[in-house]
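Engineer: Can you keep this structure in mind? I'll have questions shortly.
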Amino acid sequence: MYNQPLITINDDIYIESLTSMDLYQEQFIGKKVQISGYVYRLDSMNKNQFAVGRFAMRCCVADSIPLAILVETDTPEQWKNDMYVVALGTIEKRNFDGKSVLAIDAKSIDTQKMPTNPYVYGNPYFGN
């Protein structure tokens, strides 16, 4: 994945992509990435930050969890919670709530049509 000129995180490998990026953070720093998902914020985020993610489902709706990446932008106020967006930028490392996390320094963010299914699922063929 990290050898690609642009890492596109699509629905087919959403869970596997974000998991790989978290496990091997150093290999992804400085890489260009594109991800789509819902905007949401935590109270502990800086004003220029929000998360972009989807709900990952392993078995059923009751076990779904949000899976997201931190996004930083100069125009955070125009991106409201629950908007569906696509973010393009460069991966950087940040400290968030005492943990080293990856963040996207967004070069562009655009609204996108919401998918008919808000969930993403594991791909048993990832890496084959």
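Every chain in the structure tokens has a letter given in the order shown (A, B, ...), and although residue numbers restart at 1 in each chain, ligands are simply numbered from 1 in the order shown.
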Would you write out, as CSV, a table of all residues in range 42-109 of chain A that have an atom no more than 12 Å from an atom of range 6-25 of chain A, listing for each the closest atom pair and the distance in Å to one decimal, considering only C-alpha atoms and ordering rows by chain and rising residue number?
Structural biologist:
```
residue,atom,partner,partner_atom,distance
A:Val52,CA,A:Leu18,CA,11.4
A:Gly53,CA,A:Tyr14,CA,9.2
A:Arg54,CA,A:Tyr14,CA,8.5
A:Phe55,CA,A:Ile15,CA,9.5
A:Ala56,CA,A:Ile15,CA,6.9
A:Met57,CA,A:Ile15,CA,9.3
A:Arg58,CA,A:Ile15,CA,10.0
A:Ser64,CA,A:Ile15,CA,11.8
A:Ile65,CA,A:Ile15,CA,10.8
A:Pro66,CA,A:Ile15,CA,10.3
A:Leu67,CA,A:Ile15,CA,7.4
A:Ala68,CA,A:Leu18,CA,7.6
A:Ile69,CA,A:Leu18,CA,7.6
A:Leu70,CA,A:Leu18,CA,11.2
A:Val86,CA,A:Ile9,CA,10.1
A:Ala87,CA,A:Thr8,CA,10.3
A:Leu88,CA,A:Thr8,CA,9.1
A:Gly89,CA,A:Leu6,CA,9.5
A:Thr90,CA,A:Leu6,CA,9.5
A:Ile91,CA,A:Gln25,CA,9.3
A:Glu92,CA,A:Gln25,CA,9.0
A:Lys93,CA,A:Gln25,CA,7.9
A:Arg94,CA,A:Gln25,CA,10.8
A:Lys99,CA,A:Asp22,CA,11.3
A:Ser100,CA,A:Gln25,CA,9.0
A:Val101,CA,A:Asp22,CA,7.2
A:Leu102,CA,A:Gln25,CA,6.9
A:Ala103,CA,A:Gln25,CA,10.3
A:Ile104,CA,A:Met21,CA,11.8
```
Engineer: For Asp82 in chain A, list every protein, DNA or RNA residue within 9 Å, evaluated using only C-alpha atoms, and leave out those in the same chain fewer than 6 positions away; present the list as a PDB file with all heavy atoms, in the first residue's frame.
Structural biologist:
```
ATOM      1  N   GLY A  37     -15.781   9.575   4.023  1.00  0.00           N
ATOM      2  CA  GLY A  37     -16.482   9.144   5.219  1.00  0.00           C
ATOM      3  C   GLY A  37     -17.263  10.284   5.833  1.00  0.00           C
ATOM      4  O   GLY A  37     -17.341  11.390   5.287  1.00  0.00           O
ATOM      5  N   TYR A  38     -17.813   9.986   6.988  1.00  0.00           N
ATOM      6  CA  TYR A  38     -18.616  10.952   7.725  1.00  0.00           C
ATOM      7  C   TYR A  38     -17.726  11.796   8.631  1.00  0.00           C
ATOM      8  O   TYR A  38     -16.774  11.300   9.218  1.00  0.00           O
ATOM      9  CB  TYR A  38     -19.662  10.234   8.574  1.00  0.00           C
ATOM     10  CG  TYR A  38     -20.663   9.491   7.747  1.00  0.00           C
ATOM     11  CD1 TYR A  38     -20.473   8.146   7.435  1.00  0.00           C
ATOM     12  CD2 TYR A  38     -21.795  10.125   7.265  1.00  0.00           C
ATOM     13  CE1 TYR A  38     -21.391   7.459   6.667  1.00  0.00           C
ATOM     14  CE2 TYR A  38     -22.719   9.446   6.492  1.00  0.00           C
ATOM     15  CZ  TYR A  38     -22.518   8.114   6.195  1.00  0.00           C
ATOM     16  OH  TYR A  38     -23.428   7.435   5.427  1.00  0.00           O
ATOM     17  N   VAL A  39     -18.060  13.063   8.758  1.00  0.00           N
ATOM     18  CA  VAL A  39     -17.344  13.976   9.649  1.00  0.00           C
ATOM     19  C   VAL A  39     -17.899  13.825  11.057  1.00  0.00           C
ATOM     20  O   VAL A  39     -19.118  13.772  11.245  1.00  0.00           O
ATOM     21  CB  VAL A  39     -17.538  15.444   9.195  1.00  0.00           C
ATOM     22  CG1 VAL A  39     -16.986  16.426  10.220  1.00  0.00           C
ATOM     23  CG2 VAL A  39     -16.902  15.665   7.829  1.00  0.00           C
ATOM     24  N   TYR A  40     -17.001  13.713  12.031  1.00  0.00           N
ATOM     25  CA  TYR A  40     -17.431  13.820  13.418  1.00  0.00           C
ATOM     26  C   TYR A  40     -16.292  14.372  14.257  1.00  0.00           C
ATOM     27  O   TYR A  40     -15.132  14.324  13.866  1.00  0.00           O
ATOM     28  CB  TYR A  40     -17.999  12.506  13.976  1.00  0.00           C
ATOM     29  CG  TYR A  40     -17.009  11.408  14.242  1.00  0.00           C
ATOM     30  CD1 TYR A  40     -16.420  11.257  15.500  1.00  0.00           C
ATOM     31  CD2 TYR A  40     -16.675  10.495  13.260  1.00  0.00           C
ATOM     32  CE1 TYR A  40     -15.528  10.231  15.754  1.00  0.00           C
ATOM     33  CE2 TYR A  40     -15.784   9.472  13.505  1.00  0.00           C
ATOM     34  CZ  TYR A  40     -15.215   9.336  14.748  1.00  0.00           C
ATOM     35  OH  TYR A  40     -14.335   8.325  15.000  1.00  0.00           O
TER      36      TYR A  40
END
```
Engineer: Looking at A:Phe126, A:Trp79, A:Tyr119, A:Tyr84, which one is nearest to Ser36 in chain A, with distances taken over only C-alpha atoms?
Structural biologist: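 With only C-alpha atoms as the atom set, the closest residue is A:Tyr84.
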Engineer: Residues of chain A in helix (DSSP H, G or I) according to DSSP, as a ChimeraX atom specification?
Structural biologist: /A:11-23,25-28,61-63,76-78
Engineer: Could you please determine the separation between CA of Pro118 in chain A and CA of Arg41 in chain A in Å, to one decimal place?
Structural biologist: 17.5 Å
Engineer: Just to confirm, what's the straight-line distance from CA of Asn117 in chain A to CA of Cys60 in chain A in Å (one decimal)?
Structural biologist: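 The value is 13.4 Å.
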Engineer: Could you state the separation of CA of Asp97 in chain A and CA of Phe50 in chain A in Å, given to one decimal place?
Structural biologist: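 Going from CA of Asp97 in chain A over to CA of Phe50 in chain A, I get 13.7 Å.
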Engineer: When you count only C-alpha atoms, which of these residues is closest to Pro76 in chain A: A:Ile109, A:Val61, A:Gly98, A:Asp43?
Structural biologist: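 The closest residue to Pro76 in chain A is A:Ile109.
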Engineer: So which one's closest to Gly122 in chain A, A:Cys59, A:Ile29, A:Ile35, A:Leu42? Using only C-alpha atoms, please.
Structural biologist: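 For Gly122 in chain A, the nearest of the candidates is A:Cys59.
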Engineer: Tell me which of A:Pro115, A:Asp63, A:Phe96, A:Lys47 sits closest to Thr75 in chain A, counting only C-alpha atoms.
Structural biologist: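 Ranking A:Pro115, A:Asp63, A:Phe96, A:Lys47 by distance to Thr75 in chain A, first place goes to A:Lys47.
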Engineer: Determine which residues of range 15-108 of chain A receive a DSSP assignment of strand (DSSP E), computed from the backbone, and state them as a ChimeraX atom specification.
Structural biologist: /A:32-40,49-57,65-72,84-96,99-108
